[in-house]
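Pasting run00.txt here (compact mmCIF, C-alpha atoms):
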# COMPACT_ATOMS: atom_id res chain seq x y z
CA ALA A 1 0.00 0.00 0.00
CA GLN A 2 1.10 3.52 -0.66
CA LYS A 3 1.86 5.83 2.22
CA ILE A 4 3.12 9.37 2.71
CA THR A 5 4.86 10.45 5.90
CA GLN A 6 5.39 14.01 7.00
CA THR A 7 7.17 13.96 10.33
CA GLN A 8 6.94 17.68 11.09
CA PRO A 9 3.50 18.63 12.40
CA GLY A 10 4.64 22.25 12.68
CA MET A 11 7.55 24.36 11.51
CA PHE A 12 8.65 27.92 12.14
CA VAL A 13 10.86 29.97 9.85
CA GLN A 14 12.03 33.54 9.87
CA GLU A 15 10.90 35.70 6.99
CA LYS A 16 13.38 35.67 4.08
CA GLU A 17 14.98 32.45 5.31
CA ALA A 18 14.77 29.12 3.47
CA VAL A 19 12.86 26.19 4.94
CA THR A 20 12.67 22.48 4.13
CA LEU A 21 9.51 20.49 4.70
CA ASP A 22 10.10 16.76 4.89
CA CYS A 23 8.20 14.10 3.00
CA THR A 24 8.93 10.41 2.68
CA TYR A 25 6.85 7.96 0.72
CA ASP A 26 6.39 4.27 0.39
CA THR A 27 5.35 2.45 -2.74
CA SER A 28 6.38 -0.63 -4.62
CA ASP A 29 5.28 0.78 -7.96
CA PRO A 30 8.09 2.04 -10.17
CA SER A 31 5.98 4.78 -11.72
CA TYR A 32 4.51 7.46 -9.52
CA GLY A 33 4.13 11.19 -9.17
CA LEU A 34 4.83 13.32 -6.14
CA PHE A 35 3.03 16.56 -5.41
CA TRP A 36 3.05 19.34 -2.90
CA TYR A 37 -0.04 21.34 -2.09
CA LYS A 38 -0.47 24.41 0.08
CA GLN A 39 -3.60 25.03 2.11
CA PRO A 40 -3.83 28.58 3.48
CA SER A 41 -6.32 29.55 6.16
CA SER A 42 -8.90 30.29 3.48
CA GLY A 43 -9.17 26.54 2.89
CA GLU A 44 -8.41 25.98 -0.77
CA MET A 45 -5.72 23.54 -1.81
CA ILE A 46 -3.14 25.13 -4.08
CA PHE A 47 -0.86 23.07 -6.28
CA LEU A 48 2.80 23.98 -5.82
CA ILE A 49 5.09 21.51 -7.53
CA TYR A 50 5.24 18.08 -9.17
CA GLN A 51 7.99 15.47 -9.49
CA GLY A 52 7.69 12.36 -11.62
CA SER A 53 9.46 9.21 -10.53
CA TYR A 54 11.43 9.06 -13.78
CA ASP A 55 12.37 12.71 -13.85
CA GLN A 56 16.13 13.08 -13.82
CA GLN A 57 16.20 16.57 -12.42
CA ASN A 58 14.64 18.00 -9.30
CA ALA A 59 11.53 20.03 -10.01
CA THR A 60 11.57 23.77 -9.44
CA GLU A 61 8.75 26.32 -9.53
CA GLY A 62 9.80 29.81 -8.60
CA ARG A 63 10.71 29.82 -4.91
CA TYR A 64 9.71 26.18 -4.57
CA SER A 65 12.01 23.29 -5.29
CA LEU A 66 11.65 19.62 -4.63
CA ASN A 67 14.64 17.73 -3.26
CA PHE A 68 13.92 14.32 -4.78
CA GLN A 69 16.02 11.47 -3.43
CA LYS A 70 14.61 8.36 -5.02
CA ALA A 71 16.77 5.82 -3.22
CA ARG A 72 15.71 7.28 0.11
CA LYS A 73 12.12 7.69 -1.06
CA SER A 74 12.07 11.28 0.02
CA ALA A 75 10.60 14.32 -1.69
CA ASN A 76 11.30 17.30 0.53
CA LEU A 77 9.92 20.72 -0.36
CA VAL A 78 12.32 23.62 -0.13
CA ILE A 79 10.91 27.13 0.06
CA SER A 80 13.49 29.82 -0.48
CA ALA A 81 13.18 33.36 0.82
CA SER A 82 10.10 32.68 2.94
CA GLN A 83 7.32 35.24 2.91
CA LEU A 84 4.62 35.89 5.45
CA GLY A 85 2.08 34.64 2.93
CA ASP A 86 3.75 31.25 2.95
CA SER A 87 2.22 30.51 6.35
CA ALA A 88 -0.12 27.60 5.68
CA MET A 89 -0.55 23.85 5.85
CA TYR A 90 1.55 21.96 3.35
CA PHE A 91 0.59 18.53 2.11
CA CYS A 92 2.79 16.05 0.31
CA ALA A 93 0.88 13.67 -1.94
CA MET A 94 1.56 10.76 -4.25
CA ARG A 95 -0.23 9.45 -7.28
CA VAL A 96 0.57 5.94 -8.36
CA GLU A 97 0.32 5.19 -12.05
CA PRO A 98 -1.25 3.56 -13.89
CA HIS A 99 -3.56 1.99 -11.36
CA GLY A 100 -5.66 5.02 -10.83
CA GLN A 101 -5.78 8.67 -10.21
CA ASN A 102 -6.56 8.69 -6.54
CA PHE A 103 -3.97 10.49 -4.51
CA VAL A 104 -2.50 9.53 -1.17
CA PHE A 105 -1.84 12.46 1.12
CA GLY A 106 0.43 12.94 4.08
CA PRO A 107 -0.83 14.39 7.37
CA GLY A 108 0.51 17.82 6.53
CA THR A 109 2.98 20.28 8.04
CA ARG A 110 1.87 23.63 9.39
CA LEU A 111 4.40 26.29 8.45
CA SER A 112 4.48 29.58 10.27
CA VAL A 113 6.62 32.38 8.87
CA LEU A 114 7.72 34.85 11.50
CA PRO A 115 8.29 38.53 10.72
CA GLU B 1 -11.06 30.52 -15.97
CA ALA B 2 -13.17 29.45 -13.01
CA GLY B 3 -11.62 26.97 -10.63
CA VAL B 4 -13.27 24.11 -8.81
CA THR B 5 -16.15 25.45 -6.77
CA GLN B 6 -17.86 23.81 -3.85
CA PHE B 7 -21.09 24.63 -2.11
CA PRO B 8 -21.78 25.21 0.69
CA SER B 9 -18.54 26.34 2.28
CA HIS B 10 -19.89 25.42 5.70
CA SER B 11 -22.72 23.21 6.85
CA VAL B 12 -23.86 22.57 10.39
CA ILE B 13 -26.45 19.84 10.84
CA GLU B 14 -27.76 17.59 13.55
CA LYS B 15 -27.07 13.92 13.75
CA GLY B 16 -29.56 12.00 11.65
CA GLN B 17 -30.16 14.78 9.16
CA THR B 18 -29.26 14.74 5.50
CA VAL B 19 -26.72 16.98 3.82
CA THR B 20 -25.84 17.34 0.16
CA LEU B 21 -22.54 18.81 -0.94
CA ARG B 22 -22.03 20.08 -4.43
CA CYS B 23 -18.92 20.35 -6.56
CA ASP B 24 -18.51 22.08 -9.90
CA PRO B 25 -15.25 20.99 -11.52
CA ILE B 26 -13.22 23.03 -13.96
CA SER B 27 -14.95 23.03 -17.31
CA GLY B 28 -13.64 20.27 -19.52
CA HIS B 29 -12.20 18.19 -16.70
CA ASP B 30 -13.52 14.66 -17.04
CA ASN B 31 -11.99 13.49 -13.79
CA LEU B 32 -13.64 14.48 -10.56
CA TYR B 33 -12.63 13.36 -7.10
CA TRP B 34 -13.98 13.62 -3.59
CA TYR B 35 -11.69 13.63 -0.58
CA ARG B 36 -12.25 14.35 3.07
CA ARG B 37 -10.19 15.27 6.06
CA VAL B 38 -11.63 14.46 9.46
CA MET B 39 -10.35 15.88 12.75
CA GLY B 40 -6.81 16.69 11.69
CA LYS B 41 -6.17 13.31 10.15
CA GLU B 42 -4.85 12.65 6.66
CA ILE B 43 -6.81 13.68 3.63
CA LYS B 44 -8.50 10.51 2.48
CA PHE B 45 -9.72 9.60 -0.97
CA LEU B 46 -13.42 8.88 -1.25
CA LEU B 47 -14.15 8.32 -4.90
CA HIS B 48 -13.30 9.17 -8.48
CA PHE B 49 -15.57 9.90 -11.42
CA VAL B 50 -14.60 9.82 -15.05
CA LYS B 51 -17.33 11.83 -16.67
CA GLU B 52 -20.52 10.39 -15.19
CA SER B 53 -19.08 6.98 -14.34
CA LYS B 54 -17.70 5.98 -10.96
CA GLN B 55 -14.17 4.84 -11.70
CA ASP B 56 -13.20 4.07 -8.14
CA GLU B 57 -15.35 4.34 -5.04
CA SER B 58 -13.15 2.28 -2.77
CA GLY B 59 -12.78 5.12 -0.30
CA MET B 60 -16.46 5.61 0.45
CA PRO B 61 -16.81 4.83 4.16
CA ASN B 62 -20.26 3.24 4.11
CA ASN B 63 -23.63 3.24 2.40
CA ARG B 64 -24.71 6.44 4.09
CA PHE B 65 -22.64 8.23 1.48
CA LEU B 66 -23.94 8.57 -2.06
CA ALA B 67 -22.14 10.42 -4.82
CA GLU B 68 -23.56 11.25 -8.19
CA ARG B 69 -22.40 13.03 -11.29
CA THR B 70 -25.32 13.05 -13.65
CA GLY B 71 -24.40 14.33 -17.09
CA GLY B 72 -20.73 14.31 -16.26
CA THR B 73 -20.67 17.91 -15.08
CA TYR B 74 -21.18 18.81 -11.45
CA SER B 75 -21.21 16.23 -8.70
CA THR B 76 -23.11 15.87 -5.45
CA LEU B 77 -22.17 13.99 -2.33
CA LYS B 78 -25.07 13.16 -0.05
CA VAL B 79 -24.71 11.96 3.51
CA GLN B 80 -27.88 10.35 4.85
CA PRO B 81 -28.25 10.06 7.77
CA ALA B 82 -25.28 12.05 9.01
CA GLU B 83 -23.34 10.81 12.03
CA LEU B 84 -20.99 12.66 14.37
CA GLU B 85 -17.92 11.02 12.84
CA ASP B 86 -18.79 12.46 9.44
CA SER B 87 -17.67 15.90 10.59
CA GLY B 88 -14.70 17.19 8.64
CA VAL B 89 -13.71 19.03 5.51
CA TYR B 90 -14.87 17.55 2.22
CA PHE B 91 -12.75 18.47 -0.76
CA CYS B 92 -13.56 18.12 -4.40
CA ALA B 93 -10.88 18.11 -7.08
CA SER B 94 -10.75 17.77 -10.83
CA SER B 95 -8.15 17.05 -13.45
CA GLN B 96 -7.89 16.70 -17.17
CA SER B 97 -8.00 13.24 -18.63
CA HIS B 98 -4.27 12.66 -18.68
CA GLY B 99 -3.08 15.49 -16.50
CA GLY B 100 -1.04 14.97 -13.38
CA LYS B 101 -2.28 17.92 -11.45
CA LEU B 102 -5.33 17.99 -9.25
CA PHE B 103 -7.15 21.28 -8.91
CA PHE B 104 -8.96 21.49 -5.61
CA GLY B 105 -11.95 23.39 -4.44
CA SER B 106 -12.02 25.29 -1.17
CA GLY B 107 -13.78 22.48 0.59
CA THR B 108 -16.97 22.18 2.58
CA GLN B 109 -16.62 22.23 6.34
CA LEU B 110 -19.25 19.82 7.64
CA SER B 111 -20.11 19.84 11.32
CA VAL B 112 -22.50 17.20 12.62
CA LEU B 113 -23.81 17.98 16.10
Target encoding structure tokens, full file:
Amino acid sequence: AQKITQTQPGMFVQEKEAVTLDCTYDTSDPSYGLFWYKQPSSGEMIFLIYQGSYDQQNATEGRYSLNFQKARKSANLVISASQLGDSAMYFCAMRVEPHGQNFVFGPGTRLSVLP
Amino acid sequence: EAGVTQFPSHSVIEKGQTVTLRCDPISGHDNLYWYRRVMGKEIKFLLHFVKESKQDESGMPNNRFLAERTGGTYSTLKVQPAELEDSGVYFCASSQSHGGKLFFGSGTQLSVL
């Protein structure tokens, strides 16, 4: 069975500093996709970044980058130059292909950016 | 372009009552999903529609939950009768047929008293 683990229930970071949110996953399927979503206090889930299991390079999207270490089954999210608006819940998720399109989510990490 | 919309944003009902949640996916997205997060636990998959067909409903907790997507457009999720443990946030998401990205709605906060 697929599983996502996020060991940090809460994280604090100073504004303008970088922060790494941990995510490890477990699957026996060779083909999968890893996602990070942000959920601000308003409730919506916002897509941040995607990494495919066969992608050779780590994904980057603006201030977000994904530190993909396949052998360790980790997909940590790195946010550079944190902003106050980055305070939110962050969910790591995995989609296993080709068996379906249902996602498995981690428990989330609450990030608080301090001024 | 409009995103995924959900209605209502909040619902407070008494145990035993019926509640119907609605989700309007992004236009053109054949894939529609329902998820829920109860009491700070992980977000759990409920079911997946491809157009009007239920592709996977393995996550539906019991027969008190009924999801429909008539016509392959919007979807409803009915809980009848609601129980206390049904309280949580119900998310809807949609994606294009072969896309890897899920677009989520803002969720419906359901409180069963």
Give me the residues near stretch 101-114 of chain A as an mmCIF file with C-alpha atoms, keeping the file's coordinate frame, where near means some atom within 9 Å (using all atoms listed in the file) and where sequence neighbours in that chain fewer than 5 positions away do not count.
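Resulting contents of selection.cif:
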data_model
loop_
_atom_site.group_PDB
_atom_site.id
_atom_site.type_symbol
_atom_site.label_atom_id
_atom_site.label_comp_id
_atom_site.auth_asym_id
_atom_site.auth_seq_id
_atom_site.Cartn_x
_atom_site.Cartn_y
_atom_site.Cartn_z
ATOM 1 C CA GLN A 2 1.100 3.520 -0.660
ATOM 2 C CA LYS A 3 1.860 5.830 2.220
ATOM 3 C CA ILE A 4 3.120 9.370 2.710
ATOM 4 C CA THR A 5 4.860 10.450 5.900
ATOM 5 C CA GLN A 6 5.390 14.010 7.000
ATOM 6 C CA THR A 7 7.170 13.960 10.330
ATOM 7 C CA GLN A 8 6.940 17.680 11.090
ATOM 8 C CA PRO A 9 3.500 18.630 12.400
ATOM 9 C CA GLY A 10 4.640 22.250 12.680
ATOM 10 C CA MET A 11 7.550 24.360 11.510
ATOM 11 C CA PHE A 12 8.650 27.920 12.140
ATOM 12 C CA VAL A 13 10.860 29.970 9.850
ATOM 13 C CA GLN A 14 12.030 33.540 9.870
ATOM 14 C CA GLU A 15 10.900 35.700 6.990
ATOM 15 C CA LYS A 16 13.380 35.670 4.080
ATOM 16 C CA LEU A 21 9.510 20.490 4.700
ATOM 17 C CA ASP A 22 10.100 16.760 4.890
ATOM 18 C CA CYS A 23 8.200 14.100 3.000
ATOM 19 C CA THR A 24 8.930 10.410 2.680
ATOM 20 C CA TYR A 25 6.850 7.960 0.720
ATOM 21 C CA SER A 82 10.100 32.680 2.940
ATOM 22 C CA GLN A 83 7.320 35.240 2.910
ATOM 23 C CA LEU A 84 4.620 35.890 5.450
ATOM 24 C CA GLY A 85 2.080 34.640 2.930
ATOM 25 C CA ASP A 86 3.750 31.250 2.950
ATOM 26 C CA SER A 87 2.220 30.510 6.350
ATOM 27 C CA ALA A 88 -0.120 27.600 5.680
ATOM 28 C CA MET A 89 -0.550 23.850 5.850
ATOM 29 C CA TYR A 90 1.550 21.960 3.350
ATOM 30 C CA PHE A 91 0.590 18.530 2.110
ATOM 31 C CA CYS A 92 2.790 16.050 0.310
ATOM 32 C CA ALA A 93 0.880 13.670 -1.940
ATOM 33 C CA MET A 94 1.560 10.760 -4.250
ATOM 34 C CA ARG A 95 -0.230 9.450 -7.280
ATOM 35 C CA VAL A 96 0.570 5.940 -8.360
ATOM 36 C CA ASN B 31 -11.990 13.490 -13.790
ATOM 37 C CA TYR B 33 -12.630 13.360 -7.100
ATOM 38 C CA GLY B 40 -6.810 16.690 11.690
ATOM 39 C CA LYS B 41 -6.170 13.310 10.150
ATOM 40 C CA GLU B 42 -4.850 12.650 6.660
ATOM 41 C CA ILE B 43 -6.810 13.680 3.630
ATOM 42 C CA LYS B 44 -8.500 10.510 2.480
ATOM 43 C CA PHE B 45 -9.720 9.600 -0.970
ATOM 44 C CA LEU B 46 -13.420 8.880 -1.250
ATOM 45 C CA LEU B 47 -14.150 8.320 -4.900
ATOM 46 C CA HIS B 48 -13.300 9.170 -8.480
ATOM 47 C CA ASP B 56 -13.200 4.070 -8.140
ATOM 48 C CA GLY B 100 -1.040 14.970 -13.380
ATOM 49 C CA LEU B 102 -5.330 17.990 -9.250
#
Find the distance between atom CA of A:Tyr37 and atom CA of A:Tyr54 and write it in Å to one decimal.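 According to the coordinates, atom CA of A:Tyr37 and atom CA of A:Tyr54 are separated by 20.5 Å.
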Tell me which residues come within 7 Å of (16.0, 22.0, 1.0), as a PyMOL selection string, counting only C-alpha atoms in the file's coordinates. chain A and resi 19-20+67+76-78
Per residue of chain B within 12 Å of chain A, what are the shortest atom pair and its distance in Å to one decimal, counting only C-alpha atoms, with rows by chain and residue number, as a tab-separated table?
residue	atom	partner	partner_atom	distance
B:Gly3	CA	A:Glu44	CA	10.4
B:Val4	CA	A:Glu44	CA	9.6
B:Thr5	CA	A:Glu44	CA	9.8
B:Gln6	CA	A:Glu44	CA	10.2
B:Ser9	CA	A:Gly43	CA	9.4
B:His10	CA	A:Gly43	CA	11.1
B:Asp30	CA	A:Gln101	CA	11.9
B:Asn31	CA	A:Gln101	CA	8.6
B:Leu32	CA	A:Gln101	CA	9.8
B:Tyr33	CA	A:Asn102	CA	7.7
B:Trp34	CA	A:Asn102	CA	9.4
B:Tyr35	CA	A:Phe103	CA	9.2
B:Arg36	CA	A:Phe105	CA	10.8
B:Arg37	CA	A:Pro107	CA	9.5
B:Val38	CA	A:Pro107	CA	11.0
B:Met39	CA	A:Pro107	CA	11.0
B:Gly40	CA	A:Pro107	CA	7.7
B:Lys41	CA	A:Pro107	CA	6.1
B:Glu42	CA	A:Pro107	CA	4.4
B:Ile43	CA	A:Phe105	CA	5.7
B:Lys44	CA	A:Phe105	CA	7.1
B:Phe45	CA	A:Asn102	CA	6.5
B:Leu46	CA	A:Asn102	CA	8.7
B:Leu47	CA	A:Asn102	CA	7.8
B:His48	CA	A:Asn102	CA	7.0
B:Phe49	CA	A:Gln101	CA	9.9
B:Val50	CA	A:Gln101	CA	10.1
B:Gln55	CA	A:Gly100	CA	8.6
B:Asp56	CA	A:Gly100	CA	8.1
B:Glu57	CA	A:Asn102	CA	9.9
B:Ser58	CA	A:Asn102	CA	9.9
B:Gly59	CA	A:Asn102	CA	9.5
B:Val89	CA	A:Gly43	CA	9.2
B:Tyr90	CA	A:Gly43	CA	10.7
B:Phe91	CA	A:Glu44	CA	8.7
B:Cys92	CA	A:Met45	CA	9.9
B:Ala93	CA	A:Met45	CA	9.2
B:Ser94	CA	A:Gln101	CA	10.4
B:Ser95	CA	A:Gln101	CA	9.3
B:Gln96	CA	A:Gln101	CA	10.8
B:Ser97	CA	A:Gln101	CA	9.8
B:His98	CA	A:Gln101	CA	9.5
B:Gly99	CA	A:Gln101	CA	9.7
B:Gly100	CA	A:Gly33	CA	7.7
B:Lys101	CA	A:Phe47	CA	7.4
B:Leu102	CA	A:Phe47	CA	7.4
B:Phe103	CA	A:Phe47	CA	7.0
B:Phe104	CA	A:Met45	CA	5.4
B:Gly105	CA	A:Glu44	CA	5.7
B:Ser106	CA	A:Glu44	CA	3.7
B:Gly107	CA	A:Glu44	CA	6.6
B:Thr108	CA	A:Gly43	CA	8.9
B:Gln109	CA	A:Gly43	CA	9.3
So the first atom is atom CA of A:Pro30 and the second is atom CA of A:Ala71; what is the distance between them in Å, to one decimal place?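 Atom CA of A:Ala71 lies 11.7 Å from atom CA of A:Pro30.
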Rounded to one decimal in Å, what is the spacing between atom CA of B:Glu68 and atom CA of B:Glu52?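 Between atom CA of B:Glu68 and atom CA of B:Glu52 the gap is 7.7 Å.
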Please list as a list in words every residue within 8 Å of A:Ala1, counting all atoms listed in the file and excluding residues in the same chain fewer than 3 positions away. Asp26, Thr27 and Ser28 of chain A
Which is closest to B:Lys78 among B:Ser111, B:Thr18, B:Ser11, B:Ser53, if we use all atoms listed in the file?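 Smallest distance to B:Lys78 is found for B:Thr18.
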Which one of B:Ala67, B:Pro61, B:Leu77, B:Gln17 sits closest to B:Leu113 if you count only C-alpha atoms?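 Among the listed residues, the smallest separation from B:Leu113 belongs to B:Gln17.
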Out of B:Val19, B:Ile26, B:Ala2, B:Val112, which residue has the shortest atom-to-atom distance to B:Gln80 when counting all atoms listed in the file?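 Looking only at the distances to B:Gln80, the closest residue turns out to be B:Val19.
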Nearby residues (only C-alpha atoms) at most 7 Å from B:Ser75, same-chain spacing under 5 positions excluded, as number ranges by chain: B: 22-24, 68-69
Using all atoms listed in the file, find the one residue out of A:Ser31, A:Ser41, A:Ser80, A:Ser74 that sits nearest to A:Asp55. A:Ser31
Between B:Leu66, B:Met60, B:Gly16, B:Leu21, single out the one closest to B:Leu110, counting only C-alpha atoms.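 Closest residue, counting only C-alpha atoms: B:Leu21.
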Regenerate stretch 14-25 of chain B at the level of N, CA and C atoms and dump it as a compact mmCIF listing (two decimals), in the frame of the given file.
# COMPACT_ATOMS: atom_id res chain seq x y z
N GLU B 14 -27.64 18.48 12.41
CA GLU B 14 -27.76 17.59 13.55
C GLU B 14 -27.63 16.14 13.11
N LYS B 15 -27.17 15.35 14.01
CA LYS B 15 -27.07 13.92 13.75
C LYS B 15 -28.41 13.38 13.25
N GLY B 16 -28.35 12.58 12.19
CA GLY B 16 -29.56 12.00 11.65
C GLY B 16 -30.13 12.76 10.46
N GLN B 17 -29.68 14.00 10.30
CA GLN B 17 -30.16 14.78 9.16
C GLN B 17 -29.40 14.42 7.89
N THR B 18 -29.87 14.98 6.81
CA THR B 18 -29.26 14.74 5.50
C THR B 18 -28.57 16.01 5.02
N VAL B 19 -27.42 15.83 4.40
CA VAL B 19 -26.72 16.98 3.82
C VAL B 19 -26.24 16.60 2.43
N THR B 20 -26.31 17.55 1.54
CA THR B 20 -25.84 17.34 0.16
C THR B 20 -24.80 18.39 -0.17
N LEU B 21 -23.63 17.93 -0.55
CA LEU B 21 -22.54 18.81 -0.94
C LEU B 21 -22.45 18.82 -2.46
N ARG B 22 -22.11 19.98 -2.98
CA ARG B 22 -22.03 20.08 -4.43
C ARG B 22 -20.63 20.51 -4.85
N CYS B 23 -20.21 19.99 -6.00
CA CYS B 23 -18.92 20.35 -6.56
C CYS B 23 -19.08 20.62 -8.04
N ASP B 24 -18.59 21.76 -8.47
CA ASP B 24 -18.51 22.08 -9.90
C ASP B 24 -17.05 22.05 -10.31
N PRO B 25 -16.67 21.09 -11.14
CA PRO B 25 -15.25 20.99 -11.52
C PRO B 25 -14.91 22.07 -12.55
